[in-house]
$ cat upload-v4.cif   # mmCIF, C-alpha atoms and all ligand atoms
data_target
#
loop_
_atom_site.group_PDB
_atom_site.id
_atom_site.type_symbol
_atom_site.label_atom_id
_atom_site.label_comp_id
_atom_site.auth_asym_id
_atom_site.auth_seq_id
_atom_site.Cartn_x
_atom_site.Cartn_y
_atom_site.Cartn_z
ATOM 1 C CA MET K 1 2.523 -13.815 20.852
ATOM 2 C CA GLU K 2 5.581 -14.529 18.709
ATOM 3 C CA ILE K 3 3.734 -17.359 16.924
ATOM 4 C CA ALA K 4 0.870 -14.980 16.131
ATOM 5 C CA ILE K 5 3.313 -12.537 14.540
ATOM 6 C CA TYR K 6 4.879 -15.342 12.419
ATOM 7 C CA ILE K 7 1.420 -16.526 11.312
ATOM 8 C CA CYS K 8 0.472 -12.971 10.410
ATOM 9 C CA ILE K 9 3.671 -12.456 8.347
ATOM 10 C CA ALA K 10 3.247 -15.871 6.622
ATOM 11 C CA GLY K 11 -0.415 -15.087 5.807
ATOM 12 C CA THR K 12 0.492 -11.678 4.398
ATOM 13 C CA SER K 13 3.294 -13.186 2.293
ATOM 14 C CA ILE K 14 0.986 -15.886 0.858
ATOM 15 C CA ALA K 15 -1.690 -13.271 0.027
ATOM 16 C CA PHE K 16 0.909 -11.019 -1.578
ATOM 17 C CA THR K 17 2.398 -13.889 -3.654
ATOM 18 C CA TYR K 18 -1.099 -14.888 -4.845
ATOM 19 C CA PHE K 19 -1.736 -11.255 -5.787
ATOM 20 C CA LEU K 20 1.522 -11.092 -7.811
ATOM 21 C CA VAL K 21 0.842 -14.414 -9.594
ATOM 22 C CA ARG K 22 -2.653 -13.234 -10.595
ATOM 23 C CA LEU K 23 -1.063 -10.053 -11.867
ATOM 24 C CA LYS K 24 1.351 -11.887 -14.128
ATOM 25 C CA THR K 25 -1.215 -14.320 -15.461
ATOM 26 C CA GLY K 26 -4.281 -12.033 -15.615
ATOM 27 C CA GLU K 27 -5.881 -11.867 -19.066
ATOM 28 C CA ARG K 28 -5.709 -8.623 -20.970
ATOM 29 C CA PRO K 29 -7.995 -7.469 -23.772
ATOM 30 C CA PHE K 30 -6.690 -7.740 -27.319
ATOM 31 C CA ASN K 31 -8.166 -5.055 -29.482
ATOM 32 C CA PRO K 32 -6.526 -5.038 -32.953
ATOM 33 C CA GLY K 33 -5.622 -1.526 -34.131
ATOM 34 C CA THR K 34 -6.242 0.012 -30.700
ATOM 35 C CA VAL K 35 -3.377 1.165 -28.517
ATOM 36 C CA ILE K 36 -3.676 -0.308 -25.033
ATOM 37 C CA LEU K 37 -2.282 2.207 -22.572
ATOM 38 C CA HIS K 38 -1.234 0.690 -19.266
ATOM 39 C CA GLN K 39 -1.131 3.307 -16.606
ATOM 40 C CA ILE K 40 -1.268 3.885 -12.881
ATOM 41 C CA PRO K 41 -4.817 3.426 -11.504
ATOM 42 C CA ARG K 42 -6.558 6.780 -11.476
ATOM 43 C CA ASP K 43 -8.053 6.403 -8.044
ATOM 44 C CA LEU K 44 -4.622 6.953 -6.522
ATOM 45 C CA PHE K 45 -4.879 10.564 -7.642
ATOM 46 C CA THR K 46 -7.202 13.507 -7.078
ATOM 47 C CA THR K 47 -6.572 14.822 -10.611
ATOM 48 C CA LEU K 48 -6.767 12.775 -13.803
ATOM 49 C CA SER K 49 -3.242 11.478 -13.224
ATOM 50 C CA GLY K 50 -0.435 12.402 -10.862
ATOM 51 C CA SER K 51 2.052 10.567 -13.069
ATOM 52 C CA PRO K 52 3.607 12.949 -15.620
ATOM 53 C CA PRO K 53 4.848 10.215 -18.011
ATOM 54 C CA CYS K 54 1.397 8.544 -18.065
ATOM 55 C CA LEU K 55 -0.496 11.793 -18.596
ATOM 56 C CA LYS K 56 1.979 12.990 -21.231
ATOM 57 C CA LEU K 57 1.539 9.796 -23.247
ATOM 58 C CA GLU K 58 -2.254 9.939 -22.965
ATOM 59 C CA THR K 59 -2.152 13.604 -24.070
ATOM 60 C CA PHE K 60 0.014 12.642 -27.050
ATOM 61 C CA LEU K 61 -2.570 9.998 -28.014
ATOM 62 C CA ARG K 62 -5.265 12.670 -27.884
ATOM 63 C CA MET K 63 -3.196 15.220 -29.810
ATOM 64 C CA THR K 64 -2.740 12.678 -32.609
ATOM 65 C CA LYS K 65 -6.280 11.244 -32.326
ATOM 66 C CA ILE K 66 -4.931 7.703 -32.094
ATOM 67 C CA ARG K 67 -7.557 5.231 -30.873
ATOM 68 C CA TYR K 68 -6.633 3.951 -27.403
ATOM 69 C CA GLN K 69 -7.941 2.201 -24.349
ATOM 70 C CA ASN K 70 -6.683 2.587 -20.791
ATOM 71 C CA ILE K 71 -5.858 -0.318 -18.561
ATOM 72 C CA TYR K 72 -5.319 0.404 -14.890
ATOM 73 C CA SER K 73 -3.401 -2.210 -12.999
ATOM 74 C CA VAL K 74 -0.329 -2.640 -10.853
ATOM 75 C CA LYS K 75 1.470 -4.479 -13.661
ATOM 76 C CA THR K 76 4.453 -2.443 -14.794
ATOM 77 C CA SER K 77 6.363 -2.699 -18.086
ATOM 78 C CA LYS K 78 9.321 -5.025 -18.635
ATOM 79 C CA LYS K 79 11.448 -2.035 -17.629
ATOM 80 C CA GLY K 80 9.589 -1.998 -14.301
ATOM 81 C CA LYS K 81 7.786 1.327 -14.834
ATOM 82 C CA TYR K 82 4.577 2.946 -16.014
ATOM 83 C CA PRO K 83 3.348 3.789 -18.580
ATOM 84 C CA TRP K 84 3.654 1.176 -21.306
ATOM 85 C CA ILE K 85 1.617 0.247 -24.321
ATOM 86 C CA GLU K 86 0.523 -2.784 -26.278
ATOM 87 C CA PHE K 87 -0.249 -2.489 -29.937
ATOM 88 C CA ASN K 88 -1.291 -5.534 -31.946
ATOM 89 C CA GLN K 89 0.248 -7.699 -29.231
ATOM 90 C CA LYS K 90 3.574 -5.872 -29.283
ATOM 91 C CA GLU K 91 4.700 -4.368 -25.959
ATOM 92 C CA ILE K 92 6.618 -1.092 -25.737
ATOM 93 C CA ALA K 93 7.948 0.355 -22.498
ATOM 94 C CA ASP K 94 8.765 3.977 -21.558
ATOM 95 C CA SER K 95 6.613 6.921 -22.643
ATOM 96 C CA ASN K 96 9.253 8.330 -24.978
ATOM 97 C CA PHE K 97 9.875 5.008 -26.740
ATOM 98 C CA CYS K 98 6.097 4.528 -26.979
ATOM 99 C CA ILE K 99 5.793 7.944 -28.650
ATOM 100 C CA ARG K 100 8.598 7.172 -31.113
ATOM 101 C CA PHE K 101 6.944 3.854 -31.974
ATOM 102 C CA LEU K 102 3.516 5.453 -32.439
ATOM 103 C CA GLN K 103 4.930 8.276 -34.573
ATOM 104 C CA LYS K 104 6.335 5.683 -36.991
ATOM 105 C CA GLU K 105 3.377 3.322 -36.862
ATOM 106 C CA PHE K 106 0.701 6.016 -37.382
ATOM 107 C CA HIS K 107 2.799 8.499 -39.401
ATOM 108 C CA VAL K 108 2.104 11.345 -36.984
ATOM 109 C CA ASP K 109 4.436 14.082 -35.757
ATOM 110 C CA VAL K 110 3.225 16.665 -33.253
ATOM 111 C CA ASP K 111 6.508 18.591 -33.679
ATOM 112 C CA ALA K 112 6.392 18.849 -37.474
ATOM 113 C CA HIS K 113 5.774 22.616 -37.340
ATOM 114 C CA LEU K 114 8.981 23.296 -35.351
ATOM 115 C CA GLY K 115 12.311 24.435 -36.813
ATOM 116 C CA PRO K 116 15.640 22.813 -35.762
ATOM 117 C CA THR K 117 16.324 25.303 -32.918
ATOM 118 C CA GLU K 118 12.784 24.967 -31.582
ATOM 119 C CA LYS K 119 13.149 21.195 -31.710
ATOM 120 C CA ALA K 120 16.362 21.466 -29.696
ATOM 121 C CA ILE K 121 14.658 23.716 -27.096
ATOM 122 C CA ARG K 122 11.642 21.414 -26.901
ATOM 123 C CA HIS K 123 13.992 18.450 -26.336
ATOM 124 C CA SER K 124 15.769 20.358 -23.549
ATOM 125 C CA ILE K 125 12.496 21.368 -21.839
ATOM 126 C CA ARG K 126 11.148 17.839 -21.928
ATOM 127 C CA THR K 127 14.382 16.311 -20.690
ATOM 128 C CA MET K 128 14.727 18.847 -17.873
ATOM 129 C CA LEU K 129 11.172 18.270 -16.647
ATOM 130 C CA GLU K 130 11.372 14.495 -16.941
ATOM 131 C CA GLU K 131 14.911 13.827 -15.774
ATOM 132 C CA ASN K 132 15.457 16.616 -13.248
ATOM 133 C CA THR K 133 12.316 18.387 -11.998
ATOM 134 C CA TYR K 134 10.530 15.016 -11.899
ATOM 135 C CA TRP K 135 12.768 13.905 -9.023
ATOM 136 C CA ALA K 136 11.737 16.909 -6.918
ATOM 137 C CA LEU K 137 8.163 15.741 -7.513
ATOM 138 C CA THR K 138 9.036 12.152 -6.537
ATOM 139 C CA TYR K 139 10.567 13.543 -3.348
ATOM 140 C CA THR K 140 7.338 15.486 -2.670
ATOM 141 C CA CYS K 141 5.120 12.437 -3.237
ATOM 142 C CA TRP K 142 7.012 9.873 -1.231
ATOM 143 C CA LEU K 143 9.344 11.541 1.249
ATOM 144 C CA SER K 144 8.212 15.046 2.063
ATOM 145 C CA ASP K 145 5.446 15.990 4.518
ATOM 146 C CA TYR K 146 3.632 17.589 1.550
ATOM 147 C CA GLY K 147 2.990 14.072 0.220
ATOM 148 C CA LYS K 148 1.313 12.709 3.372
ATOM 149 C CA GLU K 149 -2.200 12.804 1.922
ATOM 150 C CA TYR K 150 -0.988 11.409 -1.389
ATOM 151 C CA ARG K 151 0.625 8.456 0.382
ATOM 152 C CA GLU K 152 -2.487 7.872 2.449
ATOM 153 C CA ARG K 153 -4.568 7.785 -0.739
ATOM 154 C CA ALA K 154 -2.111 5.546 -2.531
ATOM 155 C CA LEU K 155 -1.875 2.988 0.248
ATOM 156 C CA GLY K 156 -5.019 3.695 2.248
ATOM 157 C CA ARG K 157 -6.876 0.598 1.129
ATOM 158 C CA LEU K 158 -4.171 -1.819 2.159
ATOM 159 C CA PHE K 159 -4.616 -3.463 5.512
ATOM 160 C CA GLN K 160 -1.960 -3.518 8.220
ATOM 161 C CA PRO K 161 0.759 -4.821 8.356
ATOM 162 C CA LEU K 162 0.862 -4.876 4.530
ATOM 163 C CA LYS K 163 0.295 -1.105 4.378
ATOM 164 C CA TYR K 164 3.244 -0.461 6.677
ATOM 165 C CA LEU K 165 5.477 -2.900 4.743
ATOM 166 C CA VAL K 166 4.593 -1.437 1.330
ATOM 167 C CA LEU K 167 5.132 2.144 2.570
ATOM 168 C CA TYR K 168 8.460 1.189 4.149
ATOM 169 C CA ARG K 169 9.688 -0.596 0.991
ATOM 170 C CA THR K 170 8.450 2.122 -1.372
ATOM 171 C CA GLN K 171 10.025 4.936 0.643
ATOM 172 C CA LYS K 172 13.288 2.997 0.851
ATOM 173 C CA LYS K 173 13.241 2.385 -2.907
ATOM 174 C CA PHE K 174 12.596 6.052 -3.750
ATOM 175 C CA LYS K 175 15.174 7.219 -1.200
ATOM 176 C CA ASN K 176 17.783 5.047 -2.952
ATOM 177 C CA MET K 177 16.683 6.203 -6.396
ATOM 178 C CA LEU K 178 16.807 9.864 -5.348
ATOM 179 C CA TRP K 179 20.237 9.351 -3.814
ATOM 180 C CA SER K 180 21.575 7.677 -6.984
ATOM 181 C CA HIS K 181 20.119 10.434 -9.149
ATOM 182 C CA GLY K 182 21.718 13.047 -6.893
ATOM 183 C CA MET K 183 18.526 14.967 -6.058
ATOM 184 C CA GLY K 184 18.228 13.063 -2.791
ATOM 185 C CA ARG K 185 21.538 14.443 -1.539
ATOM 186 C CA HIS K 186 20.076 17.954 -1.207
ATOM 187 C CA THR K 187 18.025 19.416 1.638
ATOM 188 C CA GLU K 188 14.291 19.820 1.125
ATOM 189 C CA GLN K 189 14.728 23.559 0.657
ATOM 190 C CA GLU K 190 17.419 23.029 -1.988
ATOM 191 C CA ILE K 191 15.246 20.468 -3.815
ATOM 192 C CA PHE K 192 12.375 22.944 -4.057
ATOM 193 C CA GLU K 193 14.761 25.696 -5.183
ATOM 194 C CA ILE K 194 15.939 23.444 -8.020
ATOM 195 C CA ALA K 195 12.335 22.748 -9.060
ATOM 196 C CA GLU K 196 11.487 26.455 -8.885
ATOM 197 C CA LYS K 197 14.388 27.386 -11.180
ATOM 198 C CA ASP K 198 13.304 24.746 -13.721
ATOM 199 C CA LEU K 199 9.709 25.940 -13.758
ATOM 200 C CA VAL K 200 10.673 29.605 -13.950
ATOM 201 C CA ALA K 201 12.892 28.778 -16.955
ATOM 202 C CA VAL K 202 10.004 27.066 -18.775
ATOM 203 C CA SER K 203 7.707 29.932 -17.853
ATOM 204 C CA GLU K 204 10.189 32.352 -19.427
ATOM 205 C CA ILE K 205 10.254 30.327 -22.659
ATOM 206 C CA LEU K 206 6.441 30.148 -22.717
ATOM 207 C CA GLY K 207 5.996 33.905 -22.096
ATOM 208 C CA PRO K 208 2.614 35.237 -23.278
ATOM 209 C CA LYS K 209 2.275 32.565 -26.002
ATOM 210 C CA LYS K 210 -0.615 30.099 -26.069
ATOM 211 C CA PHE K 211 1.702 27.107 -26.311
ATOM 212 C CA LEU K 212 5.484 26.819 -25.988
ATOM 213 C CA PHE K 213 6.159 27.669 -29.622
ATOM 214 C CA GLY K 214 3.092 29.653 -30.604
ATOM 215 C CA ASP K 215 -0.489 28.729 -31.387
ATOM 216 C CA LYS K 216 0.144 25.065 -32.091
ATOM 217 C CA PRO K 217 1.080 22.656 -29.293
ATOM 218 C CA CYS K 218 3.971 20.207 -29.500
ATOM 219 C CA LEU K 219 5.209 17.256 -27.446
ATOM 220 C CA ALA K 220 6.898 19.528 -24.879
ATOM 221 C CA ASP K 221 3.472 21.115 -24.228
ATOM 222 C CA ALA K 222 2.189 17.654 -23.306
ATOM 223 C CA SER K 223 5.178 17.160 -20.951
ATOM 224 C CA LEU K 224 4.688 20.562 -19.351
ATOM 225 C CA PHE K 225 0.940 20.051 -18.905
ATOM 226 C CA ALA K 226 1.463 16.597 -17.372
ATOM 227 C CA PHE K 227 4.074 17.990 -15.003
ATOM 228 C CA ILE K 228 1.876 20.860 -13.761
ATOM 229 C CA VAL K 229 -1.052 18.492 -13.214
ATOM 230 C CA GLY K 230 1.166 15.976 -11.380
ATOM 231 C CA SER K 231 2.812 18.612 -9.189
ATOM 232 C CA ALA K 232 0.723 21.731 -8.495
ATOM 233 C CA TRP K 233 -2.728 20.244 -9.174
ATOM 234 C CA GLU K 234 -2.074 16.949 -7.452
ATOM 235 C CA HIS K 235 -0.323 18.521 -4.439
ATOM 236 C CA PRO K 236 -2.199 21.792 -3.780
ATOM 237 C CA GLU K 237 -0.399 22.417 -0.490
ATOM 238 C CA SER K 238 3.081 21.968 -1.943
ATOM 239 C CA PRO K 239 5.573 24.731 -2.811
ATOM 240 C CA PHE K 240 4.946 24.002 -6.519
ATOM 241 C CA VAL K 241 1.695 25.966 -6.221
ATOM 242 C CA GLU K 242 3.510 28.855 -4.583
ATOM 243 C CA PHE K 243 6.200 29.083 -7.328
ATOM 244 C CA ILE K 244 3.546 29.095 -10.011
ATOM 245 C CA LYS K 245 1.378 31.706 -8.271
ATOM 246 C CA SER K 246 4.263 34.059 -7.586
ATOM 247 C CA LYS K 247 6.644 33.547 -10.531
ATOM 248 C CA ALA K 248 5.092 31.460 -13.282
ATOM 249 C CA GLN K 249 1.369 32.107 -13.561
ATOM 250 C CA ASN K 250 1.447 31.405 -17.276
ATOM 251 C CA LEU K 251 2.153 27.717 -16.515
ATOM 252 C CA GLN K 252 -1.216 27.399 -14.783
ATOM 253 C CA GLU K 253 -2.961 29.107 -17.717
ATOM 254 C CA HIS K 254 -1.096 26.839 -20.137
ATOM 255 C CA ALA K 255 -2.192 23.702 -18.242
ATOM 256 C CA LEU K 256 -5.823 24.852 -18.254
ATOM 257 C CA ARG K 257 -5.567 25.512 -21.995
ATOM 258 C CA VAL K 258 -4.217 22.011 -22.713
ATOM 259 C CA LYS K 259 -6.922 20.508 -20.492
ATOM 260 C CA GLU K 260 -9.661 22.409 -22.332
ATOM 261 C CA THR K 261 -8.229 21.495 -25.739
ATOM 262 C CA TYR K 262 -7.684 17.773 -25.212
ATOM 263 C CA TYR K 263 -9.824 16.706 -22.265
ATOM 264 C CA PRO K 264 -13.415 17.865 -22.824
ATOM 265 C CA ASP K 265 -14.316 14.634 -20.990
ATOM 266 C CA TRP K 266 -12.006 15.326 -18.001
ATOM 267 C CA ASP K 267 -14.823 14.801 -15.456
ATOM 268 C CA GLU K 268 -16.076 11.614 -17.109
ATOM 269 C CA MET K 269 -12.525 10.317 -17.194
ATOM 270 C CA ARG K 270 -12.210 11.058 -13.515
ATOM 271 C CA ALA K 271 -15.287 8.888 -12.973
ATOM 272 C CA GLU K 272 -13.333 5.958 -14.461
ATOM 273 C CA LYS K 273 -11.031 6.288 -11.528
ATOM 274 C CA ALA K 274 -13.700 5.205 -9.065
ATOM 275 C CA LYS K 275 -13.746 1.828 -10.788
ATOM 276 C CA SER K 276 -10.002 1.338 -10.879
ATOM 277 C CA CYS K 277 -9.961 0.121 -7.297
ATOM 278 C CA LEU K 278 -8.260 -2.816 -5.621
ATOM 279 C CA PRO K 279 -10.250 -5.823 -6.949
ATOM 280 C CA TYR K 280 -9.687 -4.594 -10.499
ATOM 281 C CA LEU K 281 -6.001 -4.066 -9.948
ATOM 282 C CA ILE K 282 -5.499 -7.821 -9.780
ATOM 283 C CA SER K 283 -6.340 -8.432 -13.416
ATOM 284 C CA GLY K 284 -6.491 -4.822 -14.591
ATOM 285 C CA PHE K 285 -9.555 -2.650 -15.141
ATOM 286 C CA SER K 286 -10.109 -1.506 -18.723
ATOM 287 C CA GLY K 287 -11.496 1.949 -19.317
ATOM 288 C CA ALA K 288 -13.532 3.090 -22.321
ATOM 289 C CA VAL K 289 -12.003 3.177 -25.822
ATOM 290 C CA HIS K 290 -11.062 6.734 -26.831
ATOM 291 C CA ASN K 291 -10.974 7.779 -30.454
HETATM 292 N N1 LIG D 1 11.319 7.478 -18.574
HETATM 293 C C1 LIG D 1 10.115 6.825 -18.137
HETATM 294 C C2 LIG D 1 9.812 7.234 -16.690
HETATM 295 C C3 LIG D 1 8.647 6.457 -16.155
HETATM 296 C C4 LIG D 1 8.477 6.590 -14.658
HETATM 297 O O1 LIG D 1 9.354 7.083 -13.937
HETATM 298 N N2 LIG D 1 7.341 6.131 -14.188
HETATM 299 C C5 LIG D 1 7.068 6.106 -12.759
HETATM 300 C C6 LIG D 1 5.642 6.556 -12.507
HETATM 301 S S1 LIG D 1 5.485 8.276 -12.640
HETATM 302 C C7 LIG D 1 7.165 4.675 -12.288
HETATM 303 O O2 LIG D 1 6.702 3.760 -12.928
HETATM 304 N N3 LIG D 1 7.769 4.495 -11.123
HETATM 305 C C8 LIG D 1 7.855 3.200 -10.500
HETATM 306 C C9 LIG D 1 9.251 2.889 -10.128
HETATM 307 O O3 LIG D 1 10.162 3.650 -10.432
HETATM 308 O O4 LIG D 1 9.415 1.828 -9.531
HETATM 309 C C10 LIG D 1 8.948 7.181 -19.051
HETATM 310 O O5 LIG D 1 8.948 8.297 -19.591
HETATM 311 O O6 LIG D 1 8.080 6.341 -19.259
#

$ encode --input "upload-v4.cif" --output "structure tokens" --more "lines below"
Ligand SMILES: N[C@@H](CCC(=O)N[C@@H](CS)C(=O)NCC(=O)O)C(=O)O
Amino acid sequence: MEIAIYICIAGTSIAFTYFLVRLKTGERPFNPGTVILHQIPRDLFTTLSGSPPCLKLETFLRMTKIRYQNIYSVKTSKKGKYPWIEFNQKEIADSNFCIRFLQKEFHVDVDAHLGPTEKAIRHSIRTMLEENTYWALTYTCWLSDYGKEYRERALGRLFQPLKYLVLYRTQKKFKNMLWSHGMGRHTEQEIFEIAEKDLVAVSEILGPKKFLFGDKPCLADASLFAFIVGSAWEHPESPFVEFIKSKAQNLQEHALRVKETYYPDWDEMRAEKAKSCLPYLISGFSGAVHN
């Protein structure tokens, strides 16, 4: 019996190592002048993307009409995260650094219409959502009971004992990250209270306006949209939906407005997700080029 367990662990380790080596060496398309957006495979989500940084960056690309192509794979950036981009064989990690790079490279600025105070508020909104509220979402996805279905979807195709090992390691990693951030030291109720306060604050700033600063969207609108999709839309049973329904309905309307403005092909894009499944993850599945 013990020998069988050792053989099983050795087999799983060899398969996993092979998988990682293929990942590192897998060929990627080189498309001069096109931004290659590496993001989390869509089939892990029920919406277009449950990852706010990935969806924010894709929304920015659409706002600025920069030509891009998605690649879905489990290969993360050199900083160990998604999303990241390649442009003319240059790699840039982190959505915010990608945006800064693209703004310079393509001479675009989605915040050009904002005054200095508005720019400061937009920076604060984006930072709050990405560096604070985001951790309440990470808790929901990986550690709370509200994320059970999400975890099943994310890991459902793995076979045992790999599935158990990956879930164990991922939960341990996020537990440590949440603890280091500080969010993980609170009770579940406190975590959701923190998220509620953040969303109510953004809702107050948005008020009855179309976008955060009037009729024209800015980068913080992309962050807000990506956060609502990744939280309330991706986790319909979670308290995020409740906060929005009871105290911040304008956030739902705002997200729908951004979706209608920039994703007329939302359903087609969702179809790409069916193809981004396990065999493709090894070398990366490339989606259509978007102009
Ligand atoms: N500041 C980064 C945050 C990126 C981030 O947290 N990405 C998550 C996905 S939503 C990730 O890759 N997590 C994997 C990990 O932390 O190991 C950005 O804006 O790109």

$ residues_near_ligand --input "upload-v4.cif" --ligand "ligand LIG 1 (chain D)" --cutoff "10 Å" --atoms "all atoms listed in the file" --output "VMD selection string"
chain K and resid 39 to 40 49 to 57 74 to 77 79 to 84 92 to 99 127 130 to 131 134 to 135 137 to 138 170 173 to 174 177 223 230

$ resolve_selection --input "upload-v4.cif" --expression "the PyMOL selection byres (((chain K and resi 248) around 9) and not hetatm)" --output "number ranges by chain"
K: 199-200, 202-204, 243-247, 249-252

$ closest_residue --input "upload-v4.cif" --among "K:Arg270, K:Lys104, K:Arg185, K:Lys210" --to "Pro41 (chain K)" --atoms "all atoms listed in the file"
K:Arg270

$ closest_residue --input "upload-v4.cif" --among "K:Thr34, K:Leu143, K:Arg42, K:Lys65" --to "Lys172 (chain K)" --atoms "all atoms listed in the file"
K:Leu143

$ resolve_selection --input "upload-v4.cif" --expression "the PyMOL selection byres (((chain K and resi 88) around 8) and not hetatm)" --output "list of chain:residue names"
K:Phe30, K:Asn31, K:Pro32, K:Gly33, K:Thr34, K:Val35, K:Glu86, K:Phe87, K:Gln89, K:Lys90

$ write_last_selection --input "upload-v4.cif" --atoms "C-alpha atoms" --output "PDB file, keeping the file's coordinate frame"
ATOM      1  CA  PHE K  30      -6.690  -7.740 -27.319  1.00  0.00           C
ATOM      2  CA  ASN K  31      -8.166  -5.055 -29.482  1.00  0.00           C
ATOM      3  CA  PRO K  32      -6.526  -5.038 -32.953  1.00  0.00           C
ATOM      4  CA  GLY K  33      -5.622  -1.526 -34.131  1.00  0.00           C
ATOM      5  CA  THR K  34      -6.242   0.012 -30.700  1.00  0.00           C
ATOM      6  CA  VAL K  35      -3.377   1.165 -28.517  1.00  0.00           C
ATOM      7  CA  GLU K  86       0.523  -2.784 -26.278  1.00  0.00           C
ATOM      8  CA  PHE K  87      -0.249  -2.489 -29.937  1.00  0.00           C
ATOM      9  CA  GLN K  89       0.248  -7.699 -29.231  1.00  0.00           C
ATOM     10  CA  LYS K  90       3.574  -5.872 -29.283  1.00  0.00           C
TER      11      LYS K  90
END

$ closest_residue --input "upload-v4.cif" --among "K:Lys259, K:His235, K:Arg126, K:His38" --to "Gly147 (chain K)" --atoms "all atoms listed in the file"
K:His235

$ atom_distance --input "upload-v4.cif" --atom1 "CA of Pro208 (chain K)" --atom2 "CA of Pro236 (chain K)"
24.2 Å

$ atom_distance --input "upload-v4.cif" --atom1 "CA of Ala112 (chain K)" --atom2 "CA of Cys218 (chain K)"
8.4 Å

$ atom_distance --input "upload-v4.cif" --atom1 "CA of Ile121 (chain K)" --atom2 "CA of Trp179 (chain K)"
27.9 Å

$ residues_around --input "upload-v4.cif" --residues "Gly182 (chain K)" --least-positions-apart "2" --cutoff "12 Å" --atoms "all atoms listed in the file" --output "list in words"
Glu131, Asn132, Thr133, Trp135, Ala136, Tyr139, Phe174, Lys175, Asn176, Met177, Leu178, Trp179, Ser180, Gly184, Arg185, His186, Thr187, Glu190, Ile191 and Ile194 of chain K

$ closest_residue --input "upload-v4.cif" --among "K:Leu48, K:Leu37, K:Ala154, K:Leu212" --to "Asp265 (chain K)" --atoms "all atoms listed in the file"
K:Leu48
